[in-house]
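One file, query07.txt, carrying compact mmCIF, C-alpha atoms (C1' of nucleotides):
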```txt
# COMPACT_ATOMS: atom_id res chain seq x y z
CA MET C 1455 0.00 0.00 0.00
CA GLY C 1456 1.23 3.44 -0.85
CA TYR C 1457 3.34 2.05 -3.67
CA ARG C 1458 2.83 3.25 -7.21
CA ILE C 1459 3.76 1.86 -10.58
CA LYS C 1460 5.25 4.26 -13.08
CA SER C 1461 6.31 3.63 -16.64
CA ARG C 1462 8.01 5.04 -19.65
CA ILE C 1463 7.63 3.75 -23.16
CA TRP C 1464 9.52 4.72 -26.25
CA ILE C 1465 9.77 3.71 -29.88
CA GLU C 1466 13.14 2.68 -31.27
CA SER C 1467 14.39 2.35 -34.80
CA GLU C 1468 17.54 0.28 -35.15
CA ASN C 1469 18.77 0.98 -31.62
CA ASN C 1470 18.12 4.70 -31.90
CA VAL C 1471 15.36 6.30 -29.91
CA LEU C 1472 12.74 7.58 -32.31
CA LEU C 1473 10.02 8.78 -29.98
CA GLY C 1474 9.79 9.11 -26.23
CA GLU C 1475 7.83 11.34 -23.93
CA GLY C 1476 10.15 14.33 -24.30
CA ARG C 1477 10.28 14.06 -28.07
CA VAL C 1478 6.50 13.85 -28.28
CA HIS C 1479 6.18 16.94 -26.12
CA LEU C 1480 8.53 18.72 -28.47
CA LEU C 1481 6.65 17.67 -31.59
CA LYS C 1482 3.38 18.81 -30.08
CA ALA C 1483 4.89 22.17 -29.17
CA ILE C 1484 6.17 22.56 -32.73
CA GLN C 1485 2.69 21.80 -34.00
CA GLU C 1486 1.26 24.50 -31.75
CA THR C 1487 3.86 27.20 -32.29
CA GLY C 1488 5.00 26.61 -35.85
CA SER C 1489 8.67 26.94 -34.96
CA LEU C 1490 11.39 25.03 -33.18
CA SER C 1491 12.71 28.00 -31.23
CA LYS C 1492 9.26 28.91 -29.94
CA ALA C 1493 8.61 25.29 -29.05
CA ALA C 1494 11.85 25.22 -27.07
CA LYS C 1495 10.85 28.34 -25.16
CA SER C 1496 7.41 26.98 -24.40
CA LEU C 1497 8.97 23.83 -22.95
CA ASN C 1498 11.67 25.75 -21.06
CA ILE C 1499 14.49 23.87 -22.72
CA SER C 1500 17.40 25.33 -24.64
CA TYR C 1501 17.21 25.65 -28.40
CA LYS C 1502 20.28 23.43 -28.62
CA LYS C 1503 18.59 20.61 -26.79
CA ALA C 1504 15.41 21.01 -28.80
CA TRP C 1505 17.34 20.97 -32.05
CA GLN C 1506 19.32 17.89 -31.01
CA LEU C 1507 16.11 16.07 -30.13
CA LEU C 1508 14.39 16.98 -33.36
CA ASP C 1509 17.47 16.13 -35.40
CA SER C 1510 17.66 12.73 -33.76
CA VAL C 1511 13.96 12.14 -34.43
CA ASN C 1512 14.25 12.97 -38.11
CA LYS C 1513 17.42 10.91 -38.49
CA SER C 1514 15.95 7.76 -36.98
CA ALA C 1515 12.54 8.00 -38.62
CA LYS C 1516 11.90 6.20 -41.87
CA LYS C 1517 10.22 9.26 -43.33
CA PRO C 1518 10.50 12.99 -42.45
CA VAL C 1519 8.66 13.90 -39.26
CA THR C 1520 8.97 17.68 -39.67
CA ILE C 1521 9.67 20.11 -42.45
CA ASN C 1522 12.01 22.89 -41.39
CA SER C 1523 12.43 26.06 -43.44
CA ILE C 1524 15.06 28.78 -43.12
CA GLY C 1525 14.44 32.39 -44.08
CA GLY C 1526 11.36 33.94 -45.55
CA LYS C 1527 8.35 35.33 -43.77
CA GLY C 1528 8.84 35.14 -40.03
CA GLY C 1529 12.39 33.92 -40.52
CA GLY C 1530 11.37 30.36 -41.16
CA GLY C 1531 9.73 27.69 -39.09
CA ALA C 1532 9.00 24.04 -38.57
CA GLU C 1533 5.87 21.99 -39.02
CA LEU C 1534 4.86 18.38 -38.64
CA THR C 1535 4.35 16.20 -41.68
CA GLU C 1536 1.29 13.99 -41.86
CA TYR C 1537 3.64 11.13 -40.99
CA GLY C 1538 4.83 13.01 -37.92
CA LYS C 1539 1.27 13.66 -36.81
CA SER C 1540 0.34 10.00 -37.08
CA LEU C 1541 3.44 8.97 -35.12
CA VAL C 1542 2.47 11.28 -32.28
CA GLN C 1543 -1.08 10.00 -32.35
CA VAL C 1544 -0.04 6.36 -32.19
CA PHE C 1545 2.44 7.02 -29.41
CA ASP C 1546 -0.19 8.77 -27.33
CA GLU C 1547 -2.66 5.95 -27.81
CA ILE C 1548 -0.19 3.24 -26.81
CA ASN C 1549 0.99 5.27 -23.86
CA LYS C 1550 -2.55 5.81 -22.64
CA ASN C 1551 -3.33 2.12 -22.93
CA CYS C 1552 -0.15 1.29 -21.05
CA TRP C 1553 -1.25 3.48 -18.16
CA LYS C 1554 -4.59 1.72 -18.04
CA PHE C 1555 -2.88 -1.63 -18.08
CA LEU C 1556 -0.53 -0.76 -15.23
CA ASP C 1557 -3.31 0.79 -13.23
CA ASN C 1558 -4.82 -2.65 -13.21
CA GLU C 1559 -1.56 -4.41 -12.36
CA LEU C 1560 -1.21 -2.12 -9.36
CA LYS C 1561 -3.54 -4.40 -7.45
CA LYS C 1562 -0.75 -6.93 -7.25
CA ILE C 1563 1.42 -4.71 -5.11
CA GLU C 1564 -1.35 -3.32 -2.99
CA ARG C 1565 -1.24 -6.41 -0.82
CA ILE C 1566 2.46 -6.06 -0.08
CA MET K 764 7.90 -1.50 -39.88
CA GLY K 765 11.21 -1.99 -38.16
CA TYR K 766 10.12 0.09 -35.22
CA ARG K 767 10.14 -1.39 -31.75
CA ILE K 768 8.43 -0.46 -28.54
CA LYS K 769 10.53 -0.49 -25.41
CA SER K 770 9.49 0.15 -21.86
CA ARG K 771 10.66 0.61 -18.34
CA ILE K 772 8.50 0.25 -15.29
CA TRP K 773 9.35 1.04 -11.71
CA ILE K 774 7.68 1.10 -8.33
CA GLU K 775 7.70 4.32 -6.35
CA SER K 776 7.07 4.99 -2.71
CA GLU K 777 6.29 8.62 -1.91
CA ASN K 778 8.17 9.98 -4.92
CA ASN K 779 11.23 7.84 -4.25
CA VAL K 780 12.09 5.02 -6.58
CA LEU K 781 11.72 1.76 -4.73
CA LEU K 782 12.30 -0.81 -7.44
CA GLY K 783 13.36 -0.56 -11.04
CA GLU K 784 15.14 -2.88 -13.40
CA GLY K 785 18.62 -2.09 -12.06
CA ARG K 786 17.57 -2.46 -8.44
CA VAL K 787 15.92 -5.80 -9.17
CA HIS K 788 19.07 -7.03 -10.89
CA LEU K 789 21.03 -6.03 -7.82
CA LEU K 790 18.67 -7.77 -5.41
CA LYS K 791 18.81 -10.94 -7.46
CA ALA K 792 22.61 -10.82 -7.50
CA ILE K 793 22.64 -10.39 -3.72
CA GLN K 794 20.39 -13.39 -3.43
CA GLU K 795 22.79 -15.44 -5.54
CA THR K 796 26.07 -14.30 -4.04
CA GLY K 797 25.17 -13.57 -0.42
CA SER K 798 27.04 -10.28 -0.40
CA LEU K 799 26.73 -6.76 -1.75
CA SER K 800 30.32 -6.51 -2.90
CA LYS K 801 30.15 -9.79 -4.80
CA ALA K 802 26.85 -8.73 -6.33
CA ALA K 803 28.42 -5.48 -7.51
CA LYS K 804 31.29 -7.36 -9.12
CA SER K 805 28.96 -9.79 -10.85
CA LEU K 806 27.01 -6.87 -12.32
CA ASN K 807 30.15 -4.94 -13.26
CA ILE K 808 29.15 -1.90 -11.27
CA SER K 809 31.13 -0.15 -8.55
CA TYR K 810 30.53 -1.07 -4.94
CA LYS K 811 29.62 2.54 -4.30
CA LYS K 812 26.83 2.51 -6.85
CA ALA K 813 25.57 -0.83 -5.62
CA TRP K 814 25.55 0.41 -2.04
CA GLN K 815 23.72 3.60 -2.99
CA LEU K 816 21.08 1.62 -4.86
CA LEU K 817 20.54 -0.82 -2.02
CA ASP K 818 20.48 1.97 0.54
CA SER K 819 17.85 3.80 -1.47
CA VAL K 820 15.78 0.62 -1.76
CA ASN K 821 15.82 -0.04 1.95
CA LYS K 822 15.06 3.59 2.78
CA SER K 823 12.02 3.82 0.54
CA ALA K 824 10.58 0.40 1.33
CA LYS K 825 7.98 0.04 4.05
CA LYS K 826 9.80 -2.95 5.52
CA PRO K 827 13.45 -4.09 5.25
CA VAL K 828 14.32 -5.63 1.89
CA THR K 829 17.74 -6.95 2.88
CA ILE K 830 19.57 -7.74 6.08
CA ASN K 831 23.18 -6.61 6.00
CA SER K 832 25.74 -7.81 8.50
CA ILE K 833 29.23 -6.49 9.17
CA GLY K 834 32.06 -8.64 10.47
CA GLY K 835 32.00 -12.26 11.47
CA LYS K 836 32.48 -15.28 9.26
CA GLY K 837 33.35 -14.21 5.75
CA GLY K 838 33.47 -10.59 6.84
CA GLY K 839 29.74 -10.16 6.70
CA GLY K 840 27.18 -10.25 3.94
CA ALA K 841 23.72 -9.34 2.75
CA GLU K 842 20.61 -11.39 2.17
CA LEU K 843 17.05 -10.77 1.04
CA THR K 844 14.24 -10.80 3.53
CA GLU K 845 11.03 -12.66 2.67
CA TYR K 846 9.55 -9.25 1.98
CA GLY K 847 12.38 -8.48 -0.42
CA LYS K 848 11.88 -11.74 -2.24
CA SER K 849 8.18 -11.11 -2.73
CA LEU K 850 8.85 -7.59 -4.02
CA VAL K 851 11.21 -8.97 -6.64
CA GLN K 852 8.71 -11.65 -7.60
CA VAL K 853 5.87 -9.17 -8.06
CA PHE K 854 8.03 -6.76 -10.03
CA ASP K 855 9.08 -9.53 -12.39
CA GLU K 856 5.52 -10.63 -12.94
CA ILE K 857 4.27 -7.13 -13.70
CA ASN K 858 7.22 -6.45 -15.96
CA LYS K 859 6.67 -9.65 -17.90
CA ASN K 860 3.00 -8.86 -18.38
CA CYS K 861 3.90 -5.37 -19.54
CA TRP K 862 6.13 -6.81 -22.24
CA LYS K 863 3.33 -9.05 -23.43
CA PHE K 864 0.97 -6.12 -23.50
CA LEU K 865 3.33 -3.93 -25.51
CA ASP K 866 4.15 -6.77 -27.85
CA ASN K 867 0.51 -6.69 -28.77
CA GLU K 868 0.37 -2.90 -29.08
CA LEU K 869 3.29 -3.10 -31.50
CA LYS K 870 0.83 -3.94 -34.24
CA LYS K 871 -0.34 -0.35 -34.18
CA ILE K 872 2.98 0.98 -35.38
CA GLU K 873 3.69 -1.77 -37.84
CA ARG K 874 1.45 -0.07 -40.35
CA ILE K 875 3.31 3.21 -40.15
C1' DA R 1319 44.90 -10.60 20.17
C1' DA R 1320 45.47 -10.99 15.10
C1' DT R 1321 43.26 -11.98 10.73
C1' DC R 1322 39.94 -11.64 7.26
C1' DG R 1323 36.44 -9.98 3.91
C1' DT R 1324 32.74 -7.44 4.40
C1' DT R 1325 29.71 -3.08 5.13
C1' DA R 1326 29.80 1.82 5.28
C1' DT R 1327 31.57 6.30 4.18
C1' DA R 1328 34.45 10.26 2.56
C1' DT R 1329 37.34 12.32 -0.85
C1' DT R 1330 39.25 13.00 -5.14
C1' DT R 1331 39.37 12.62 -10.04
C1' DG R 1332 37.47 12.20 -14.55
C1' DT R 1333 33.72 12.05 -17.83
C1' DT R 1334 29.60 13.24 -19.61
C1' DT R 1335 25.86 16.30 -19.98
C1' DG R 1336 23.62 20.57 -20.58
C1' DG R 1337 23.47 25.79 -20.66
C1' DA R 1338 25.02 30.04 -22.45
C1' DT R 1339 26.82 32.51 -26.04
C1' DA R 1340 28.16 33.70 -30.69
C1' DT R 1341 27.60 33.53 -35.53
C1' DA R 1342 26.60 32.18 -40.38
C1' DA R 1343 23.01 31.18 -43.84
C1' DC R 1344 18.63 31.85 -45.39
C1' DG R 1345 14.62 34.01 -48.03
C1' DA R 1346 10.22 36.62 -47.98
C1' DA R 1347 8.76 41.23 -47.35
C1' DA R 1348 9.28 46.08 -46.89
C1' DT T 1115 19.08 45.97 -50.65
C1' DT T 1116 18.03 46.10 -45.93
C1' DT T 1117 15.57 44.01 -42.23
C1' DC T 1118 13.88 40.26 -39.60
C1' DG T 1119 13.37 35.94 -36.95
C1' DT T 1120 14.39 31.63 -37.88
C1' DT T 1121 17.37 27.23 -38.62
C1' DA T 1122 21.85 25.32 -38.03
C1' DT T 1123 26.29 24.94 -35.95
C1' DA T 1124 30.54 25.68 -33.07
C1' DT T 1125 32.72 26.86 -28.85
C1' DC T 1126 33.26 27.51 -24.06
C1' DC T 1127 31.98 26.94 -19.30
C1' DA T 1128 29.48 24.98 -15.34
C1' DA T 1129 27.09 21.43 -13.17
C1' DA T 1130 25.78 16.82 -12.58
C1' DC T 1131 27.12 12.23 -12.54
C1' DA T 1132 30.10 8.20 -12.22
C1' DA T 1133 34.54 5.88 -11.23
C1' DA T 1134 38.56 5.20 -8.39
C1' DT T 1135 40.76 5.29 -4.18
C1' DA T 1136 41.27 5.27 0.76
C1' DT T 1137 39.89 4.09 5.31
C1' DA T 1138 37.24 3.00 9.55
C1' DA T 1139 34.22 -0.29 11.96
C1' DC T 1140 32.83 -4.77 12.59
C1' DG T 1141 32.71 -9.66 14.58
C1' DA T 1142 33.33 -14.74 13.96
C1' DT T 1143 37.31 -17.62 13.51
C1' DT T 1144 41.91 -18.90 14.38
```

Please re-express this file's structure in structure tokens.
Amino acid sequence: MGYRIKSRIWIESENNVLLGEGRVHLLKAIQETGSLSKAAKSLNISYKKAWQLLDSVNKSAKKPVTINSIGGKGGGGAELTEYGKSLVQVFDEINKNCWKFLDNELKKIERI
Amino acid sequence: MGYRIKSRIWIESENNVLLGEGRVHLLKAIQETGSLSKAAKSLNISYKKAWQLLDSVNKSAKKPVTINSIGGKGGGGAELTEYGKSLVQVFDEINKNCWKFLDNELKKIERI
DNA sequence: AATCGTTATATTTGTTTGGATATAACGAAA
DNA sequence: TTTCGTTATATCCAAACAAATATAACGATT
């Protein structure tokens, strides 16, 4: 009693992390703000870290997850591809189901 | 296709980690070797790290997980309590079930 | 009492990680 | 052609983390 089960899931592609919780947060923030730098600010992480995460996502994905543009109106920006959106959606669904599953398993440690 | 789902689960007690994969490995090694220092060697981690892990486990558990003795025959040693053994057993069962569950969820990303 | 391998702890060193900063390249719009 | 905010990248510095080393306390056995 008083114990809790926590979990983290992530998707890998050939031993590289493709998507985890942090990366999904970043992709969602990009979707909302339209730019990587704004997404970084909204998550209170450095641009460097955000860029490294996004770079790693795009390098380990089979197809582009975002389209990044330099220059032009607003200086440029980043947006999710349809592929990127579906990845986020699937991750969220699996993650949610995993929580439900573990919520049920919790009963096993409630007697200890 | 080619993507894989990975996961980590852990048990928390009041925001402290009680049991995770590394801690369970350590407890099992203690069970097999009868000492913390031998367990550390068998896992190729430093004694310091092993001690810190075990200390954290015993501090966040509701009842003692190991009994450690200093001096005497063999210099001392460490062994699991019955409570410790049951914690390990439950963790393993939940973890195994979680793998099965995610193995099934994998189908959702195989179409992406 | 001396020995032994262990637990327990402190200190130092090294490595990795992340933050802060600076700067170039870019391209639409004014 | 100048301006603007962005992407992309390098460099430096600090902080967090891990490894290595040293040492005290312990108690059954000899």

(Q) Within 12 Å of (27.0, 26.4, -38.7) in the file's own coordinates, which protein, DNA or RNA residues have an atom, counting only C-alpha atoms (C1' of nucleotides)? List them as a PyMOL selection string. (A) (chain R and resi 1340-1343) or (chain T and resi 1121-1125)

Q: Pull out every residue of chain K that has at least one atom within 7 Å of chain R, counting only C-alpha atoms (C1' of nucleotides), and report them as a list in words.
A: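 That gives the following set of residues: Ile833, Gly834, Gly837, Gly838, Gly839 and Gly840 of chain K.
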
Q: Show which residues sit within 12 Å of C:Thr1520, as a PyMOL selection string. Count all atoms listed in the file, and ignore same-chain residues fewer than 5 positions away.
A: chain C and resi 1480-1482+1484-1485+1488-1490+1505+1508-1513+1515+1531-1542

Superposition of chain K onto chain C by least squares over all sequentially paired C-alpha atoms; the transformed chain is requested as a PDB file with C-alpha atoms, keeping the file's coordinate frame.
```
ATOM      1  CA  MET K 764       0.035   0.252  -0.015  1.00  0.00           C
ATOM      2  CA  GLY K 765       1.236   3.685  -0.979  1.00  0.00           C
ATOM      3  CA  TYR K 766       3.394   2.284  -3.725  1.00  0.00           C
ATOM      4  CA  ARG K 767       2.897   3.427  -7.285  1.00  0.00           C
ATOM      5  CA  ILE K 768       3.856   1.983 -10.615  1.00  0.00           C
ATOM      6  CA  LYS K 769       5.354   4.347 -13.140  1.00  0.00           C
ATOM      7  CA  SER K 770       6.383   3.676 -16.687  1.00  0.00           C
ATOM      8  CA  ARG K 771       8.067   5.060 -19.723  1.00  0.00           C
ATOM      9  CA  ILE K 772       7.663   3.720 -23.207  1.00  0.00           C
ATOM     10  CA  TRP K 773       9.538   4.689 -26.323  1.00  0.00           C
ATOM     11  CA  ILE K 774       9.772   3.665 -29.944  1.00  0.00           C
ATOM     12  CA  GLU K 775      13.138   2.649 -31.331  1.00  0.00           C
ATOM     13  CA  SER K 776      14.369   2.347 -34.866  1.00  0.00           C
ATOM     14  CA  GLU K 777      17.525   0.268 -35.240  1.00  0.00           C
ATOM     15  CA  ASN K 778      18.731   0.951 -31.701  1.00  0.00           C
ATOM     16  CA  ASN K 779      18.109   4.683 -31.976  1.00  0.00           C
ATOM     17  CA  VAL K 780      15.347   6.273 -29.986  1.00  0.00           C
ATOM     18  CA  LEU K 781      12.723   7.559 -32.363  1.00  0.00           C
ATOM     19  CA  LEU K 782       9.990   8.737 -30.033  1.00  0.00           C
ATOM     20  CA  GLY K 783       9.754   9.053 -26.293  1.00  0.00           C
ATOM     21  CA  GLU K 784       7.776  11.259 -23.982  1.00  0.00           C
ATOM     22  CA  GLY K 785      10.098  14.260 -24.340  1.00  0.00           C
ATOM     23  CA  ARG K 786      10.234  14.006 -28.116  1.00  0.00           C
ATOM     24  CA  VAL K 787       6.450  13.792 -28.325  1.00  0.00           C
ATOM     25  CA  HIS K 788       6.111  16.875 -26.140  1.00  0.00           C
ATOM     26  CA  LEU K 789       8.466  18.680 -28.477  1.00  0.00           C
ATOM     27  CA  LEU K 790       6.598  17.634 -31.610  1.00  0.00           C
ATOM     28  CA  LYS K 791       3.320  18.763 -30.111  1.00  0.00           C
ATOM     29  CA  ALA K 792       4.833  22.123 -29.176  1.00  0.00           C
ATOM     30  CA  ILE K 793       6.127  22.534 -32.730  1.00  0.00           C
ATOM     31  CA  GLN K 794       2.666  21.791 -34.002  1.00  0.00           C
ATOM     32  CA  GLU K 795       1.220  24.480 -31.746  1.00  0.00           C
ATOM     33  CA  THR K 796       3.820  27.181 -32.248  1.00  0.00           C
ATOM     34  CA  GLY K 797       4.999  26.609 -35.816  1.00  0.00           C
ATOM     35  CA  SER K 798       8.652  26.936 -34.883  1.00  0.00           C
ATOM     36  CA  LEU K 799      11.374  25.006 -33.103  1.00  0.00           C
ATOM     37  CA  SER K 800      12.662  27.959 -31.130  1.00  0.00           C
ATOM     38  CA  LYS K 801       9.205  28.877 -29.863  1.00  0.00           C
ATOM     39  CA  ALA K 802       8.564  25.246 -28.989  1.00  0.00           C
ATOM     40  CA  ALA K 803      11.785  25.142 -26.980  1.00  0.00           C
ATOM     41  CA  LYS K 804      10.785  28.258 -25.069  1.00  0.00           C
ATOM     42  CA  SER K 805       7.326  26.909 -24.330  1.00  0.00           C
ATOM     43  CA  LEU K 806       8.872  23.734 -22.908  1.00  0.00           C
ATOM     44  CA  ASN K 807      11.549  25.621 -20.975  1.00  0.00           C
ATOM     45  CA  ILE K 808      14.377  23.765 -22.636  1.00  0.00           C
ATOM     46  CA  SER K 809      17.330  25.227 -24.513  1.00  0.00           C
ATOM     47  CA  TYR K 810      17.137  25.602 -28.263  1.00  0.00           C
ATOM     48  CA  LYS K 811      20.190  23.391 -28.517  1.00  0.00           C
ATOM     49  CA  LYS K 812      18.519  20.517 -26.718  1.00  0.00           C
ATOM     50  CA  ALA K 813      15.345  20.944 -28.718  1.00  0.00           C
ATOM     51  CA  TRP K 814      17.299  20.946 -31.964  1.00  0.00           C
ATOM     52  CA  GLN K 815      19.255  17.845 -30.970  1.00  0.00           C
ATOM     53  CA  LEU K 816      16.051  16.011 -30.098  1.00  0.00           C
ATOM     54  CA  LEU K 817      14.335  16.953 -33.335  1.00  0.00           C
ATOM     55  CA  ASP K 818      17.423  16.129 -35.365  1.00  0.00           C
ATOM     56  CA  SER K 819      17.609  12.712 -33.754  1.00  0.00           C
ATOM     57  CA  VAL K 820      13.916  12.119 -34.456  1.00  0.00           C
ATOM     58  CA  ASN K 821      14.219  12.978 -38.113  1.00  0.00           C
ATOM     59  CA  LYS K 822      17.390  10.921 -38.512  1.00  0.00           C
ATOM     60  CA  SER K 823      15.933   7.761 -37.027  1.00  0.00           C
ATOM     61  CA  ALA K 824      12.516   7.994 -38.659  1.00  0.00           C
ATOM     62  CA  LYS K 825      11.870   6.209 -41.927  1.00  0.00           C
ATOM     63  CA  LYS K 826      10.214   9.296 -43.391  1.00  0.00           C
ATOM     64  CA  PRO K 827      10.486  13.007 -42.469  1.00  0.00           C
ATOM     65  CA  VAL K 828       8.631  13.925 -39.285  1.00  0.00           C
ATOM     66  CA  THR K 829       8.955  17.690 -39.654  1.00  0.00           C
ATOM     67  CA  ILE K 830       9.687  20.136 -42.429  1.00  0.00           C
ATOM     68  CA  ASN K 831      12.026  22.903 -41.339  1.00  0.00           C
ATOM     69  CA  SER K 832      12.496  26.070 -43.338  1.00  0.00           C
ATOM     70  CA  ILE K 833      15.138  28.763 -42.966  1.00  0.00           C
ATOM     71  CA  GLY K 834      14.572  32.386 -43.900  1.00  0.00           C
ATOM     72  CA  GLY K 835      11.538  33.973 -45.446  1.00  0.00           C
ATOM     73  CA  LYS K 836       8.483  35.321 -43.691  1.00  0.00           C
ATOM     74  CA  GLY K 837       8.934  35.141 -39.951  1.00  0.00           C
ATOM     75  CA  GLY K 838      12.486  33.918 -40.398  1.00  0.00           C
ATOM     76  CA  GLY K 839      11.449  30.367 -41.057  1.00  0.00           C
ATOM     77  CA  GLY K 840       9.760  27.694 -39.013  1.00  0.00           C
ATOM     78  CA  ALA K 841       9.006  24.032 -38.526  1.00  0.00           C
ATOM     79  CA  GLU K 842       5.871  21.995 -39.011  1.00  0.00           C
ATOM     80  CA  LEU K 843       4.834  18.372 -38.651  1.00  0.00           C
ATOM     81  CA  THR K 844       4.352  16.228 -41.695  1.00  0.00           C
ATOM     82  CA  GLU K 845       1.283  13.982 -41.905  1.00  0.00           C
ATOM     83  CA  TYR K 846       3.628  11.143 -41.046  1.00  0.00           C
ATOM     84  CA  GLY K 847       4.803  13.013 -37.966  1.00  0.00           C
ATOM     85  CA  LYS K 848       1.260  13.638 -36.850  1.00  0.00           C
ATOM     86  CA  SER K 849       0.332   9.979 -37.134  1.00  0.00           C
ATOM     87  CA  LEU K 850       3.433   8.939 -35.185  1.00  0.00           C
ATOM     88  CA  VAL K 851       2.452  11.240 -32.342  1.00  0.00           C
ATOM     89  CA  GLN K 852      -1.111   9.956 -32.422  1.00  0.00           C
ATOM     90  CA  VAL K 853      -0.053   6.312 -32.244  1.00  0.00           C
ATOM     91  CA  PHE K 854       2.447   6.968 -29.473  1.00  0.00           C
ATOM     92  CA  ASP K 855      -0.208   8.703 -27.403  1.00  0.00           C
ATOM     93  CA  GLU K 856      -2.651   5.875 -27.871  1.00  0.00           C
ATOM     94  CA  ILE K 857      -0.156   3.196 -26.877  1.00  0.00           C
ATOM     95  CA  ASN K 858       1.016   5.232 -23.918  1.00  0.00           C
ATOM     96  CA  LYS K 859      -2.520   5.769 -22.689  1.00  0.00           C
ATOM     97  CA  ASN K 860      -3.292   2.073 -22.951  1.00  0.00           C
ATOM     98  CA  CYS K 861      -0.101   1.271 -21.078  1.00  0.00           C
ATOM     99  CA  TRP K 862      -1.203   3.468 -18.198  1.00  0.00           C
ATOM    100  CA  LYS K 863      -4.538   1.698 -18.056  1.00  0.00           C
ATOM    101  CA  PHE K 864      -2.804  -1.641 -18.071  1.00  0.00           C
ATOM    102  CA  LEU K 865      -0.437  -0.721 -15.250  1.00  0.00           C
ATOM    103  CA  ASP K 866      -3.236   0.839 -13.263  1.00  0.00           C
ATOM    104  CA  ASN K 867      -4.737  -2.602 -13.208  1.00  0.00           C
ATOM    105  CA  GLU K 868      -1.463  -4.336 -12.344  1.00  0.00           C
ATOM    106  CA  LEU K 869      -1.129  -1.988  -9.378  1.00  0.00           C
ATOM    107  CA  LYS K 870      -3.449  -4.260  -7.448  1.00  0.00           C
ATOM    108  CA  LYS K 871      -0.649  -6.783  -7.209  1.00  0.00           C
ATOM    109  CA  ILE K 872       1.496  -4.525  -5.080  1.00  0.00           C
ATOM    110  CA  GLU K 873      -1.291  -3.118  -2.989  1.00  0.00           C
ATOM    111  CA  ARG K 874      -1.195  -6.205  -0.828  1.00  0.00           C
ATOM    112  CA  ILE K 875       2.488  -5.856  -0.072  1.00  0.00           C
TER     113      ILE K 875
END
```

Report as a Markdown table: every residue of chain K with an atom at most 6 Å from chain C, its closest pair of atoms, and their distance in Å to one decimal, counting only C-alpha atoms, with rows sorted by chain and ascending residue number.
```
| residue | atom | partner | partner_atom | distance |
| --- | --- | --- | --- | --- |
| K:Tyr766 | CA | C:Ser1467 | CA | 4.8 |
| K:Arg767 | CA | C:Glu1466 | CA | 5.1 |
| K:Ile768 | CA | C:Ile1465 | CA | 4.6 |
| K:Lys769 | CA | C:Trp1464 | CA | 5.4 |
| K:Ser770 | CA | C:Ile1463 | CA | 4.3 |
| K:Arg771 | CA | C:Arg1462 | CA | 5.3 |
| K:Ile772 | CA | C:Ser1461 | CA | 4.2 |
| K:Trp773 | CA | C:Lys1460 | CA | 5.4 |
| K:Ile774 | CA | C:Ile1459 | CA | 4.6 |
| K:Glu775 | CA | C:Arg1458 | CA | 5.1 |
| K:Ser776 | CA | C:Tyr1457 | CA | 4.8 |
```

Q: Compute the set of chain T residues within 7 Å of chain C, using all atoms listed in the file, and express it as a PyMOL selection string.
A: chain T and resi 1118-1121

Using the file's own x, y and z axes, so that the box edges lie along x, y and z, what centre and edge lengths in Å (one decimal) does a box around every listed atom of stretch 1328-1342 of chain R get when 8 Å is added on each side? Give it as lines of an AutoDock Vina configuration file.
```
center_x = 31.4
center_y = 22.0
center_z = -18.9
size_x = 31.9
size_y = 39.4
size_z = 58.9
```

Q: Work out how far atom CA of K:Tyr810 is from atom C1' of T:DA1133, in Å to one decimal.
A: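 That distance, rounded to one decimal, is 10.2 Å.
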
Q) What is the atom CA of C:Gly1476 to atom CA of C:Lys1554 distance in Å? A) 20.4 Å

Q: Give me, please, the distance in Å between atom CA of K:Ala803 and atom CA of K:His788, quoted to one decimal.
A: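 Those two atoms sit 10.1 Å apart.
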
Since the input is missing atoms for stretch 1464-1470 of chain C, could you rebuild it with N, CA, C and O atoms and give the result as a CSV table (one decimal), in the frame of the given file?
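Listed below is the output, result_18.csv:
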```csv
chain,number,residue,atom,x,y,z
C,1464,TRP,N,9.0,4.0,-25.1
C,1464,TRP,CA,9.5,4.7,-26.2
C,1464,TRP,C,9.6,3.8,-27.5
C,1464,TRP,O,9.6,2.6,-27.4
C,1465,ILE,N,9.7,4.4,-28.6
C,1465,ILE,CA,9.8,3.7,-29.9
C,1465,ILE,C,11.2,3.8,-30.4
C,1465,ILE,O,11.7,4.9,-30.5
C,1466,GLU,N,11.8,2.7,-30.7
C,1466,GLU,CA,13.1,2.7,-31.3
C,1466,GLU,C,13.2,2.3,-32.7
C,1466,GLU,O,12.3,1.5,-33.2
C,1467,SER,N,14.2,2.8,-33.4
C,1467,SER,CA,14.4,2.4,-34.8
C,1467,SER,C,15.9,2.0,-34.9
C,1467,SER,O,16.7,2.9,-34.9
C,1468,GLU,N,16.2,0.7,-35.0
C,1468,GLU,CA,17.5,0.3,-35.2
C,1468,GLU,C,18.4,0.8,-34.0
C,1468,GLU,O,19.5,1.5,-34.3
C,1469,ASN,N,18.0,0.6,-32.8
C,1469,ASN,CA,18.8,1.0,-31.6
C,1469,ASN,C,18.9,2.5,-31.4
C,1469,ASN,O,19.6,2.9,-30.5
C,1470,ASN,N,18.2,3.3,-32.2
C,1470,ASN,CA,18.1,4.7,-31.9
C,1470,ASN,C,16.7,5.0,-31.4
C,1470,ASN,O,15.7,4.4,-31.8
```
